[in-house]
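Enquirer: Next comes the structure file data24.txt, holding compact mmCIF, C-alpha atoms.
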# COMPACT_ATOMS: atom_id res chain seq x y z
CA MET A 1 -63.20 12.42 135.22
CA ASN A 2 -62.57 11.46 138.84
CA GLY A 3 -64.50 8.20 138.46
CA SER A 4 -63.42 5.08 140.32
CA LYS A 5 -61.68 3.51 137.35
CA VAL A 6 -59.48 6.60 136.91
CA ASN A 7 -58.59 6.61 140.60
CA ASP A 8 -58.13 2.87 140.92
CA SER A 9 -55.96 2.47 137.82
CA LEU A 10 -53.64 5.38 138.70
CA ARG A 11 -53.13 4.44 142.33
CA ASP A 12 -49.88 2.54 141.76
CA LYS A 13 -48.70 4.40 138.65
CA VAL A 14 -45.66 6.64 138.35
CA ALA A 15 -45.85 9.80 136.24
CA ILE A 16 -43.56 12.56 135.01
CA VAL A 17 -45.09 15.94 134.17
CA THR A 18 -43.12 18.68 132.40
CA GLY A 19 -43.81 22.40 132.73
CA ALA A 20 -45.34 21.50 136.06
CA ALA A 21 -44.70 24.62 138.14
CA ARG A 22 -47.82 26.49 137.11
CA GLY A 23 -50.91 26.50 134.92
CA ILE A 24 -52.00 23.31 133.17
CA GLY A 25 -48.87 21.43 134.27
CA ALA A 26 -49.55 22.13 137.93
CA ALA A 27 -53.19 21.12 137.46
CA ALA A 28 -52.08 17.84 135.87
CA VAL A 29 -49.76 17.11 138.80
CA ARG A 30 -52.61 17.78 141.22
CA SER A 31 -55.12 15.62 139.33
CA LEU A 32 -52.70 12.71 138.99
CA GLY A 33 -51.63 13.01 142.62
CA GLU A 34 -55.21 13.13 143.88
CA ALA A 35 -55.92 9.98 141.87
CA GLY A 36 -53.13 8.21 143.74
CA ALA A 37 -50.27 8.33 141.26
CA SER A 38 -46.72 9.06 142.35
CA VAL A 39 -45.68 12.14 140.38
CA VAL A 40 -42.37 13.73 139.47
CA ALA A 41 -43.12 17.38 138.71
CA THR A 42 -40.47 18.96 136.49
CA ASP A 43 -39.77 22.49 135.30
CA VAL A 44 -37.03 25.11 135.03
CA LEU A 45 -38.95 27.34 137.45
CA ASP A 46 -37.46 25.63 140.48
CA ASP A 47 -38.83 27.88 143.24
CA GLU A 48 -42.40 27.62 141.96
CA GLY A 49 -42.11 23.92 141.29
CA GLU A 50 -40.76 23.17 144.74
CA ALA A 51 -43.48 25.30 146.33
CA LEU A 52 -46.16 23.33 144.47
CA VAL A 53 -44.66 20.05 145.62
CA ARG A 54 -44.56 21.20 149.25
CA GLU A 55 -48.22 22.21 149.03
CA LEU A 56 -49.33 18.92 147.50
CA CYS A 57 -47.24 16.80 149.86
CA ALA A 58 -48.87 18.61 152.79
CA GLU A 59 -52.20 17.50 151.33
CA GLY A 60 -51.04 13.88 151.26
CA ALA A 61 -49.93 13.46 147.65
CA ASN A 62 -46.79 11.53 146.73
CA VAL A 63 -45.10 14.22 144.63
CA ARG A 64 -41.48 15.24 144.20
CA TYR A 65 -39.70 17.87 142.13
CA ALA A 66 -36.88 17.65 139.58
CA HIS A 67 -35.29 20.36 137.46
CA LEU A 68 -35.70 19.61 133.76
CA ASP A 69 -34.88 21.62 130.65
CA VAL A 70 -36.85 19.64 128.08
CA THR A 71 -34.45 20.62 125.30
CA ASP A 72 -31.56 18.77 126.98
CA GLU A 73 -31.44 15.02 126.32
CA GLN A 74 -29.00 14.40 129.16
CA GLN A 75 -31.35 16.05 131.64
CA TRP A 76 -34.17 13.88 130.34
CA LEU A 77 -32.06 10.76 130.87
CA GLN A 78 -31.17 11.86 134.40
CA VAL A 79 -34.78 12.61 135.40
CA VAL A 80 -36.18 9.40 133.92
CA ASP A 81 -33.39 7.29 135.45
CA ARG A 82 -33.93 8.94 138.83
CA THR A 83 -37.68 8.35 138.60
CA VAL A 84 -37.28 4.64 137.91
CA ARG A 85 -34.54 4.29 140.53
CA GLU A 86 -36.54 6.00 143.29
CA LEU A 87 -40.09 4.96 142.38
CA GLY A 88 -39.48 1.64 140.65
CA ARG A 89 -41.10 2.24 137.27
CA LEU A 90 -42.47 4.79 134.81
CA ASP A 91 -46.05 4.54 133.54
CA VAL A 92 -47.12 8.03 132.49
CA LEU A 93 -45.48 10.95 130.70
CA VAL A 94 -47.24 14.30 130.37
CA ASN A 95 -45.39 16.49 127.86
CA ASN A 96 -46.75 19.89 128.85
CA ALA A 97 -43.77 22.30 128.82
CA GLY A 98 -44.12 25.02 126.22
CA ILE A 99 -43.73 28.67 125.34
CA GLY A 100 -45.54 31.02 122.99
CA SER A 101 -44.77 33.86 120.62
CA MET A 102 -47.30 36.29 119.16
CA ALA A 103 -45.28 37.06 116.01
CA ASP A 104 -46.67 36.34 112.54
CA VAL A 105 -44.81 34.94 109.52
CA GLU A 106 -43.01 38.18 108.66
CA SER A 107 -42.28 39.50 112.14
CA GLU A 108 -41.06 36.26 113.74
CA THR A 109 -37.30 36.07 114.31
CA VAL A 110 -35.06 33.09 113.69
CA GLU A 111 -33.97 33.17 117.34
CA THR A 112 -37.50 32.96 118.74
CA TRP A 113 -38.57 30.46 116.06
CA ASP A 114 -35.70 28.14 116.98
CA ARG A 115 -36.35 28.44 120.73
CA THR A 116 -40.06 27.73 120.30
CA ILE A 117 -39.38 24.70 118.12
CA SER A 118 -36.76 23.44 120.57
CA ILE A 119 -39.03 23.58 123.63
CA ASN A 120 -42.49 22.87 122.22
CA GLN A 121 -41.61 20.31 119.56
CA GLU A 122 -38.18 18.84 120.15
CA GLY A 123 -38.87 18.65 123.89
CA VAL A 124 -41.91 16.45 123.26
CA TRP A 125 -39.93 14.16 120.97
CA LEU A 126 -37.06 13.88 123.47
CA GLY A 127 -39.50 13.05 126.25
CA MET A 128 -41.04 10.21 124.27
CA LYS A 129 -37.63 9.00 123.07
CA VAL A 130 -36.29 8.68 126.61
CA ALA A 131 -39.45 7.67 128.51
CA ILE A 132 -41.01 5.07 126.22
CA PRO A 133 -38.24 2.45 126.67
CA ARG A 134 -38.79 2.62 130.45
CA MET A 135 -42.56 2.30 129.94
CA ARG A 136 -41.88 -0.81 127.89
CA GLU A 137 -39.95 -2.22 130.85
CA ALA A 138 -43.02 -1.57 133.02
CA GLY A 139 -45.27 -3.45 130.61
CA GLY A 140 -46.93 -0.43 129.01
CA GLY A 141 -47.87 3.14 129.68
CA SER A 142 -49.57 6.33 128.60
CA VAL A 143 -48.10 9.45 126.99
CA VAL A 144 -50.18 12.62 126.99
CA ASN A 145 -48.82 15.36 124.75
CA LEU A 146 -50.14 18.90 125.14
CA SER A 147 -50.93 20.44 121.78
CA SER A 148 -53.48 23.25 121.35
CA ILE A 149 -56.51 24.27 119.38
CA PHE A 150 -53.88 26.09 117.34
CA GLY A 151 -52.34 22.75 116.44
CA ALA A 152 -55.36 22.15 114.22
CA VAL A 153 -56.64 25.58 113.07
CA GLY A 154 -55.02 28.81 111.91
CA GLY A 155 -56.36 30.96 114.71
CA PHE A 156 -55.95 34.68 114.10
CA GLY A 157 -52.99 34.55 111.72
CA ALA A 158 -50.38 35.30 114.40
CA SER A 159 -48.15 33.05 116.55
CA VAL A 160 -46.73 31.21 113.55
CA ALA A 161 -44.01 29.41 115.53
CA TYR A 162 -46.47 28.29 118.19
CA HIS A 163 -48.90 27.00 115.57
CA ALA A 164 -46.10 25.15 113.80
CA THR A 165 -44.99 23.37 116.95
CA LYS A 166 -48.45 22.46 118.15
CA GLY A 167 -49.35 21.07 114.72
CA ALA A 168 -46.18 19.00 114.87
CA VAL A 169 -47.10 17.69 118.33
CA ARG A 170 -50.49 16.63 117.00
CA LEU A 171 -48.97 14.49 114.25
CA MET A 172 -46.02 13.22 116.28
CA THR A 173 -48.62 11.92 118.70
CA LYS A 174 -50.45 9.99 116.00
CA ASN A 175 -47.19 8.66 114.58
CA ALA A 176 -46.05 7.38 117.98
CA ALA A 177 -49.52 5.98 118.72
CA ILE A 178 -49.30 3.77 115.65
CA ARG A 179 -45.71 2.76 116.39
CA TYR A 180 -46.43 1.56 119.95
CA ALA A 181 -50.06 0.42 119.71
CA THR A 182 -49.20 -3.27 120.02
CA GLU A 183 -46.88 -2.69 122.99
CA GLY A 184 -49.48 -1.39 125.40
CA ILE A 185 -48.16 2.17 125.17
CA ARG A 186 -50.89 4.68 124.36
CA VAL A 187 -50.12 8.16 123.01
CA ASN A 188 -52.80 10.85 122.90
CA SER A 189 -52.85 14.63 122.54
CA VAL A 190 -54.83 17.23 124.47
CA HIS A 191 -55.78 20.47 122.73
CA PRO A 192 -56.67 23.21 125.21
CA GLY A 193 -58.44 26.34 124.12
CA PHE A 194 -58.11 29.61 126.00
CA ILE A 195 -57.24 28.60 129.55
CA ASP A 196 -56.79 31.03 132.43
CA THR A 197 -53.06 30.53 133.12
CA PRO A 198 -50.10 32.89 133.63
CA LEU A 199 -49.40 32.68 129.89
CA VAL A 200 -52.50 34.76 129.14
CA ALA A 201 -52.24 37.19 132.07
CA GLU A 202 -51.21 40.05 129.79
CA LEU A 203 -54.48 39.71 127.87
CA LYS A 204 -56.69 40.28 130.89
CA GLY A 205 -58.63 43.51 130.71
CA THR A 206 -57.75 44.14 127.06
CA PRO A 207 -59.93 44.10 123.92
CA ALA A 208 -58.27 40.77 123.07
CA GLU A 209 -59.80 39.19 126.17
CA ASN A 210 -63.28 40.24 125.10
CA GLU A 211 -62.64 38.90 121.59
CA ILE A 212 -61.51 35.55 123.01
CA ILE A 213 -64.52 35.21 125.28
CA GLN A 214 -66.96 36.22 122.57
CA SER A 215 -65.44 33.72 120.12
CA THR A 216 -65.71 30.87 122.65
CA PRO A 217 -69.21 29.33 122.64
CA MET A 218 -69.15 28.81 126.42
CA ARG A 219 -68.27 32.51 126.83
CA ARG A 220 -65.56 32.09 129.44
CA TRP A 221 -61.93 31.16 130.00
CA GLY A 222 -61.22 27.51 130.73
CA ARG A 223 -59.77 26.56 134.10
CA PRO A 224 -56.46 24.67 134.37
CA GLU A 225 -58.10 21.95 136.45
CA GLU A 226 -60.55 21.28 133.63
CA VAL A 227 -57.59 20.29 131.48
CA GLY A 228 -55.82 18.49 134.32
CA GLU A 229 -58.78 16.17 134.80
CA VAL A 230 -58.75 15.23 131.11
CA ILE A 231 -55.02 14.50 131.31
CA ALA A 232 -55.58 12.21 134.29
CA PHE A 233 -58.36 10.41 132.41
CA LEU A 234 -56.11 9.78 129.39
CA ALA A 235 -53.34 8.57 131.68
CA SER A 236 -55.68 6.07 133.32
CA ASP A 237 -57.03 2.70 132.26
CA ALA A 238 -60.42 4.35 131.79
CA ALA A 239 -58.98 5.44 128.42
CA SER A 240 -57.55 2.01 127.63
CA TYR A 241 -58.92 1.92 124.05
CA MET A 242 -57.79 5.43 123.20
CA THR A 243 -54.56 6.03 121.32
CA GLY A 244 -53.77 8.55 118.62
CA SER A 245 -56.76 10.57 119.78
CA GLU A 246 -56.86 14.35 119.94
CA VAL A 247 -59.03 15.64 122.77
CA TYR A 248 -60.21 19.24 122.66
CA VAL A 249 -60.83 21.11 125.91
CA ASP A 250 -61.84 24.44 124.42
CA GLY A 251 -65.33 25.47 125.46
CA GLY A 252 -66.55 24.67 121.95
CA TRP A 253 -64.06 26.95 120.15
CA THR A 254 -63.15 24.48 117.39
CA ALA A 255 -66.81 23.46 116.93
CA ARG A 256 -67.58 26.76 115.26
Is it possible to give me this structure as structure tokens?
Expert:
Amino acid sequence: MNGSKVNDSLRDKVAIVTGAARGIGAAAVRSLGEAGASVVATDVLDDEGEALVRELCAEGANVRYAHLDVTDEQQWLQVVDRTVRELGRLDVLVNNAGIGSMADVESETVETWDRTISINQEGVWLGMKVAIPRMREAGGGSVVNLSSIFGAVGGFGASVAYHATKGAVRLMTKNAAIRYATEGIRVNSVHPGFIDTPLVAELKGTPAENEIIQSTPMRRWGRPEEVGEVIAFLASDAASYMTGSEVYVDGGWTAR
């Protein structure tokens, strides 16, 4: 994905990435930064987010950090306004922030259901609502929404709230893609499979890990950077005729 067109087209772009302190979000910040974009990395994990930014800045990337609770519209407005004020424009939004719950239909609680919906689903909508008008001012842009393989298939019958939100992200993406297709604003979704991030740390060394690996045709966990590179591609002009697409980065899991 690090072809010249990706690098060249991102060199003067400005991006916001949510859930950027670790995992796929951090990998997206790194891939965008290495391709020359100026990146605002956002999260609620301030210490980790600021540490990432220091590391990437030391490597020569133009990256800065901002606290952002994606469920708070006012915080979205503040971060987007600050981005445009300090960097001059907004071209790319990566809606990555999310949480998970293992509960099934009967064991899920209203409290956890509401929190999952608020972060994973409402946070994506709020990001698009606030960012897209500023992309329009810049003459166009690219939104990359992080869904999941479990936004398209039923998985193992657990994680009902997570599945619900990721399915919603998949269709919100297509809806927005149609709405903004004539304005030069592309909206695509990325659907990771089982990626080796802190979210799955508790599965390591358990029977569940073996089940995951055996059910993945490539027989391994994905790496965050493998998703980050796809995000950078979709953000770039190399994907200029892609909108409303759902891109699976899953080691073949959904091909079964």
Enquirer: Extract, using only C-alpha atoms, all DNA, RNA and protein residues at most 9 Å from A:Ala161, discarding same-chain residues fewer than 6 positions from it, and format them as an NGL selection string.
Expert: :A and (100-105 or 108 or 112-114 or 116-117)
Enquirer: For a quick check of understanding, using all atoms listed in the file, which of A:Asp250, A:Glu50, A:Asp237, A:Glu59 has the smallest distance to A:Pro217?
Expert: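 Nearest to A:Pro217: A:Asp250.
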Enquirer: I want to know what sits within 12 Å of A:Ala255, based on all atoms listed in the file, with residues of the same chain fewer than 4 positions away left out; could you give that as a PyMOL selection string?
Expert: chain A and resi 149+152-153+193+215-218+248-251
Enquirer: For atom CA of A:Arg64 and atom CA of A:Val40, determine how far apart the two atoms are, in Å to one decimal place.
Expert: 5.0 Å
Enquirer: Nearest residue to A:Asn145 out of A:Val169, A:Ala235, A:Ile212, A:Ala27, using all atoms listed in the file?
Expert: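 Nearest to A:Asn145: A:Val169.
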Enquirer: Could you jot down the atom CA of A:Arg179 to atom CA of A:Gly139 separation for me, Å, one decimal place?
Expert: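 We find that atom CA of A:Arg179 and atom CA of A:Gly139 lie 15.5 Å from each other.
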Enquirer: Using atom CA of A:Thr71 and atom CA of A:Val44 as the two end points, give the distance in Å to one decimal.
Expert: 11.0 Å
Enquirer: May I have the residues at most 12 Å from (-50.1, 15.5, 149.4) in the file's coordinates, counting all atoms listed in the file, as a list of chain:residue names?
Expert: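 Protein, DNA and RNA residues close to (-50.1, 15.5, 149.4): A:Val29, A:Arg30, A:Ser31, A:Leu32, A:Gly33, A:Glu34, A:Ala35, A:Gly36, A:Ala37, A:Ser38, A:Val39, A:Leu52, A:Val53, A:Arg54, A:Glu55, A:Leu56, A:Cys57, A:Ala58, A:Glu59, A:Gly60, A:Ala61, A:Asn62, A:Val63, A:Arg64.
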Enquirer: Would you mind exporting C-alpha atoms of the selected residues as a short mmCIF file (atom, residue, chain, number, x, y, z; two decimals), in the coordinates of the input?
Expert:
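Below you can see part07.cif, which holds the result:
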data_model
loop_
_atom_site.label_atom_id
_atom_site.label_comp_id
_atom_site.auth_asym_id
_atom_site.auth_seq_id
_atom_site.Cartn_x
_atom_site.Cartn_y
_atom_site.Cartn_z
CA VAL A 29 -49.76 17.11 138.80
CA ARG A 30 -52.61 17.78 141.22
CA SER A 31 -55.12 15.62 139.33
CA LEU A 32 -52.70 12.71 138.99
CA GLY A 33 -51.63 13.01 142.62
CA GLU A 34 -55.21 13.13 143.88
CA ALA A 35 -55.92 9.98 141.87
CA GLY A 36 -53.13 8.21 143.74
CA ALA A 37 -50.27 8.33 141.26
CA SER A 38 -46.72 9.06 142.35
CA VAL A 39 -45.68 12.14 140.38
CA LEU A 52 -46.16 23.33 144.47
CA VAL A 53 -44.66 20.05 145.62
CA ARG A 54 -44.56 21.20 149.25
CA GLU A 55 -48.22 22.21 149.03
CA LEU A 56 -49.33 18.92 147.50
CA CYS A 57 -47.24 16.80 149.86
CA ALA A 58 -48.87 18.61 152.79
CA GLU A 59 -52.20 17.50 151.33
CA GLY A 60 -51.04 13.88 151.26
CA ALA A 61 -49.93 13.46 147.65
CA ASN A 62 -46.79 11.53 146.73
CA VAL A 63 -45.10 14.22 144.63
CA ARG A 64 -41.48 15.24 144.20
#
Enquirer: When you count all atoms listed in the file, which of these residues is closest to A:Thr254: A:Thr165, A:Ser148, A:Thr173, A:Ser159?
Expert: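 Ranking A:Thr165, A:Ser148, A:Thr173, A:Ser159 by distance to A:Thr254, first place goes to A:Ser148.
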Enquirer: Taking all atoms listed in the file into account, name the residue in A:Gly141, A:Gly228, A:Gly244, A:Gly123 that is nearest to A:Ile178.
Expert: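 Under the stated criterion, the closest residue is A:Gly244.
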Enquirer: So, counting all atoms listed in the file, which residue among A:Ala177, A:Leu126, A:Ile213, A:Leu45 is closest to A:Gln74?
Expert: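 Nearest to A:Gln74: A:Leu126.
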Enquirer: Nearest to A:Val84 among A:Val187, A:Ala26, A:Ile16, A:Ala51, with distances taken over all atoms listed in the file: which residue is it?
Expert: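 Among A:Val187, A:Ala26, A:Ile16, A:Ala51, it is A:Ile16 that comes nearest to A:Val84.
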Enquirer: Please supply stretch 49-81 of chain A, rebuilt with N, CA and C atoms, as a tab-separated table (two decimals), in the frame of the given file.
Expert:
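Okay, this is what ended up in out.tsv:
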chain	number	residue	atom	x	y	z
A	49	GLY	N	-41.89	25.36	141.31
A	49	GLY	CA	-42.11	23.92	141.29
A	49	GLY	C	-41.97	23.29	142.66
A	50	GLU	N	-40.96	23.71	143.40
A	50	GLU	CA	-40.76	23.17	144.74
A	50	GLU	C	-41.87	23.61	145.69
A	51	ALA	N	-42.37	24.82	145.50
A	51	ALA	CA	-43.48	25.30	146.33
A	51	ALA	C	-44.74	24.48	146.07
A	52	LEU	N	-45.00	24.17	144.81
A	52	LEU	CA	-46.16	23.33	144.47
A	52	LEU	C	-46.04	21.97	145.13
A	53	VAL	N	-44.86	21.38	145.04
A	53	VAL	CA	-44.66	20.05	145.62
A	53	VAL	C	-44.86	20.08	147.13
A	54	ARG	N	-44.35	21.10	147.81
A	54	ARG	CA	-44.56	21.20	149.25
A	54	ARG	C	-46.05	21.28	149.58
A	55	GLU	N	-46.78	22.06	148.80
A	55	GLU	CA	-48.22	22.21	149.03
A	55	GLU	C	-48.94	20.88	148.86
A	56	LEU	N	-48.63	20.17	147.77
A	56	LEU	CA	-49.33	18.92	147.50
A	56	LEU	C	-48.93	17.82	148.48
A	57	CYS	N	-47.67	17.79	148.87
A	57	CYS	CA	-47.24	16.80	149.86
A	57	CYS	C	-47.95	17.03	151.19
A	58	ALA	N	-48.15	18.30	151.55
A	58	ALA	CA	-48.87	18.61	152.79
A	58	ALA	C	-50.31	18.13	152.74
A	59	GLU	N	-50.83	17.99	151.51
A	59	GLU	CA	-52.20	17.50	151.33
A	59	GLU	C	-52.25	15.98	151.22
A	60	GLY	N	-51.08	15.33	151.27
A	60	GLY	CA	-51.04	13.88	151.26
A	60	GLY	C	-50.65	13.23	149.95
A	61	ALA	N	-50.32	14.02	148.94
A	61	ALA	CA	-49.93	13.46	147.65
A	61	ALA	C	-48.48	12.99	147.69
A	62	ASN	N	-48.16	12.01	146.86
A	62	ASN	CA	-46.79	11.53	146.73
A	62	ASN	C	-46.17	12.20	145.51
A	63	VAL	N	-45.62	13.38	145.71
A	63	VAL	CA	-45.10	14.22	144.63
A	63	VAL	C	-43.70	14.67	144.98
A	64	ARG	N	-42.82	14.71	143.99
A	64	ARG	CA	-41.48	15.24	144.20
A	64	ARG	C	-41.11	16.10	143.01
A	65	TYR	N	-40.08	16.91	143.17
A	65	TYR	CA	-39.70	17.87	142.13
A	65	TYR	C	-38.33	17.52	141.54
A	66	ALA	N	-38.18	17.78	140.24
A	66	ALA	CA	-36.88	17.65	139.58
A	66	ALA	C	-36.74	18.76	138.54
A	67	HIS	N	-35.57	19.37	138.49
A	67	HIS	CA	-35.29	20.36	137.46
A	67	HIS	C	-35.16	19.65	136.12
A	68	LEU	N	-35.80	20.20	135.09
A	68	LEU	CA	-35.70	19.61	133.76
A	68	LEU	C	-35.87	20.67	132.68
A	69	ASP	N	-34.81	20.86	131.90
A	69	ASP	CA	-34.88	21.62	130.65
A	69	ASP	C	-35.19	20.61	129.56
A	70	VAL	N	-36.40	20.68	129.00
A	70	VAL	CA	-36.85	19.64	128.08
A	70	VAL	C	-36.08	19.61	126.77
A	71	THR	N	-35.25	20.61	126.53
A	71	THR	CA	-34.45	20.62	125.30
A	71	THR	C	-33.14	19.87	125.46
A	72	ASP	N	-32.85	19.38	126.65
A	72	ASP	CA	-31.56	18.77	126.98
A	72	ASP	C	-31.74	17.26	127.17
A	73	GLU	N	-31.25	16.47	126.24
A	73	GLU	CA	-31.44	15.02	126.32
A	73	GLU	C	-30.81	14.42	127.57
A	74	GLN	N	-29.66	14.93	127.97
A	74	GLN	CA	-29.00	14.40	129.16
A	74	GLN	C	-29.84	14.64	130.42
A	75	GLN	N	-30.48	15.80	130.50
A	75	GLN	CA	-31.35	16.05	131.64
A	75	GLN	C	-32.55	15.11	131.63
A	76	TRP	N	-33.09	14.84	130.45
A	76	TRP	CA	-34.17	13.88	130.34
A	76	TRP	C	-33.73	12.52	130.87
A	77	LEU	N	-32.57	12.06	130.43
A	77	LEU	CA	-32.06	10.76	130.87
A	77	LEU	C	-31.90	10.72	132.40
A	78	GLN	N	-31.38	11.81	132.95
A	78	GLN	CA	-31.17	11.86	134.40
A	78	GLN	C	-32.49	11.81	135.16
A	79	VAL	N	-33.49	12.57	134.70
A	79	VAL	CA	-34.78	12.61	135.40
A	79	VAL	C	-35.50	11.27	135.28
A	80	VAL	N	-35.50	10.68	134.10
A	80	VAL	CA	-36.18	9.40	133.92
A	80	VAL	C	-35.47	8.31	134.72
A	81	ASP	N	-34.14	8.28	134.68
A	81	ASP	CA	-33.39	7.29	135.45
A	81	ASP	C	-33.65	7.45	136.94
